[in-house]
Amino acid sequence: IIQNDFIEMADGAADLEYVVVGTLISYGIPFDRIFQEVHRSNMTKTASKAYEGQKYGEVNPKGPDYIAPNIKDILDHPDWPTQLEEMPR
């Protein structure tokens, strides 16, 4: 953002989102459910600090509590609820 033009930045970001989501939809990928699952997974990441059992110099930016997103189940079984969808509100 050379001239701090947030309007152009917002427009460009929206265009990017439009292309990405449109591509996923055209392939039948449920973007909303995939995004929710990736978000749930990202929230299991912890600060990159040493934990018990970690080897010296080992890099683990995801942390010991990280749970990978289960995208395969969403694609294979679109009628199954995700962990986030099953959480009480």
# chains A, B, ... in the order shown; residues from 1 in each chain; ligands from 1
$ residues_around --residues "Phe31 in chain A" --least-positions-apart "3" --cutoff "12 Å" --atoms "only C-alpha atoms" --output "PDB file with N, CA and C atoms, in the first residue's frame"
ATOM      1  N   GLU A  17     -10.962 -12.507  -2.965  1.00  0.00           N
ATOM      2  CA  GLU A  17     -11.935 -13.390  -2.310  1.00  0.00           C
ATOM      3  C   GLU A  17     -12.977 -13.890  -3.305  1.00  0.00           C
ATOM      4  N   TYR A  18     -13.425 -13.017  -4.155  1.00  0.00           N
ATOM      5  CA  TYR A  18     -14.420 -13.363  -5.173  1.00  0.00           C
ATOM      6  C   TYR A  18     -13.906 -14.477  -6.086  1.00  0.00           C
ATOM      7  N   VAL A  20     -11.330 -16.623  -5.464  1.00  0.00           N
ATOM      8  CA  VAL A  20     -11.047 -17.839  -4.705  1.00  0.00           C
ATOM      9  C   VAL A  20     -12.340 -18.585  -4.384  1.00  0.00           C
ATOM     10  N   VAL A  21     -13.315 -17.892  -3.809  1.00  0.00           N
ATOM     11  CA  VAL A  21     -14.569 -18.548  -3.440  1.00  0.00           C
ATOM     12  C   VAL A  21     -15.315 -19.022  -4.684  1.00  0.00           C
ATOM     13  N   GLY A  22     -15.319 -18.229  -5.732  1.00  0.00           N
ATOM     14  CA  GLY A  22     -15.973 -18.636  -6.974  1.00  0.00           C
ATOM     15  C   GLY A  22     -15.361 -19.896  -7.553  1.00  0.00           C
ATOM     16  N   THR A  23     -14.034 -19.994  -7.494  1.00  0.00           N
ATOM     17  CA  THR A  23     -13.361 -21.196  -7.984  1.00  0.00           C
ATOM     18  C   THR A  23     -13.763 -22.417  -7.165  1.00  0.00           C
ATOM     19  N   LEU A  24     -13.762 -22.277  -5.852  1.00  0.00           N
ATOM     20  CA  LEU A  24     -14.149 -23.398  -4.989  1.00  0.00           C
ATOM     21  C   LEU A  24     -15.592 -23.824  -5.247  1.00  0.00           C
ATOM     22  N   ILE A  25     -16.479 -22.866  -5.366  1.00  0.00           N
ATOM     23  CA  ILE A  25     -17.883 -23.180  -5.633  1.00  0.00           C
ATOM     24  C   ILE A  25     -18.030 -23.892  -6.970  1.00  0.00           C
ATOM     25  N   SER A  26     -17.277 -23.440  -7.975  1.00  0.00           N
ATOM     26  CA  SER A  26     -17.393 -24.064  -9.294  1.00  0.00           C
ATOM     27  C   SER A  26     -16.934 -25.525  -9.277  1.00  0.00           C
ATOM     28  N   TYR A  27     -16.092 -25.888  -8.309  1.00  0.00           N
ATOM     29  CA  TYR A  27     -15.660 -27.275  -8.160  1.00  0.00           C
ATOM     30  C   TYR A  27     -16.500 -28.040  -7.139  1.00  0.00           C
ATOM     31  N   GLY A  28     -17.525 -27.406  -6.619  1.00  0.00           N
ATOM     32  CA  GLY A  28     -18.403 -28.069  -5.662  1.00  0.00           C
ATOM     33  C   GLY A  28     -17.835 -28.186  -4.263  1.00  0.00           C
ATOM     34  N   ILE A  34     -15.388 -25.574   4.863  1.00  0.00           N
ATOM     35  CA  ILE A  34     -13.928 -25.742   4.875  1.00  0.00           C
ATOM     36  C   ILE A  34     -13.294 -24.614   5.678  1.00  0.00           C
ATOM     37  N   PHE A  35     -13.754 -23.395   5.465  1.00  0.00           N
ATOM     38  CA  PHE A  35     -13.206 -22.252   6.191  1.00  0.00           C
ATOM     39  C   PHE A  35     -13.425 -22.409   7.691  1.00  0.00           C
ATOM     40  N   GLN A  36     -14.620 -22.828   8.085  1.00  0.00           N
ATOM     41  CA  GLN A  36     -14.905 -23.044   9.513  1.00  0.00           C
ATOM     42  C   GLN A  36     -13.970 -24.089  10.108  1.00  0.00           C
ATOM     43  N   GLU A  37     -13.719 -25.165   9.355  1.00  0.00           N
ATOM     44  CA  GLU A  37     -12.850 -26.233   9.853  1.00  0.00           C
ATOM     45  C   GLU A  37     -11.401 -25.757   9.968  1.00  0.00           C
ATOM     46  N   VAL A  38     -10.930 -24.999   9.004  1.00  0.00           N
ATOM     47  CA  VAL A  38      -9.568 -24.460   9.080  1.00  0.00           C
ATOM     48  C   VAL A  38      -9.461 -23.470  10.249  1.00  0.00           C
ATOM     49  N   HIS A  39     -10.498 -22.676  10.447  1.00  0.00           N
ATOM     50  CA  HIS A  39     -10.508 -21.738  11.581  1.00  0.00           C
ATOM     51  C   HIS A  39     -10.436 -22.508  12.903  1.00  0.00           C
ATOM     52  N   ILE A  71     -10.408 -31.796   6.576  1.00  0.00           N
ATOM     53  CA  ILE A  71     -11.035 -31.394   5.320  1.00  0.00           C
ATOM     54  C   ILE A  71     -11.540 -32.607   4.546  1.00  0.00           C
ATOM     55  N   ILE A  74     -15.093 -33.576   5.349  1.00  0.00           N
ATOM     56  CA  ILE A  74     -16.074 -32.620   4.821  1.00  0.00           C
ATOM     57  C   ILE A  74     -16.326 -32.903   3.347  1.00  0.00           C
ATOM     58  N   LEU A  75     -15.265 -33.159   2.604  1.00  0.00           N
ATOM     59  CA  LEU A  75     -15.417 -33.431   1.177  1.00  0.00           C
ATOM     60  C   LEU A  75     -16.047 -34.798   0.922  1.00  0.00           C
ATOM     61  N   PRO A  78     -20.354 -34.636   2.984  1.00  0.00           N
ATOM     62  CA  PRO A  78     -20.835 -33.263   3.163  1.00  0.00           C
ATOM     63  C   PRO A  78     -22.025 -33.133   4.116  1.00  0.00           C
TER      64      PRO A  78
END
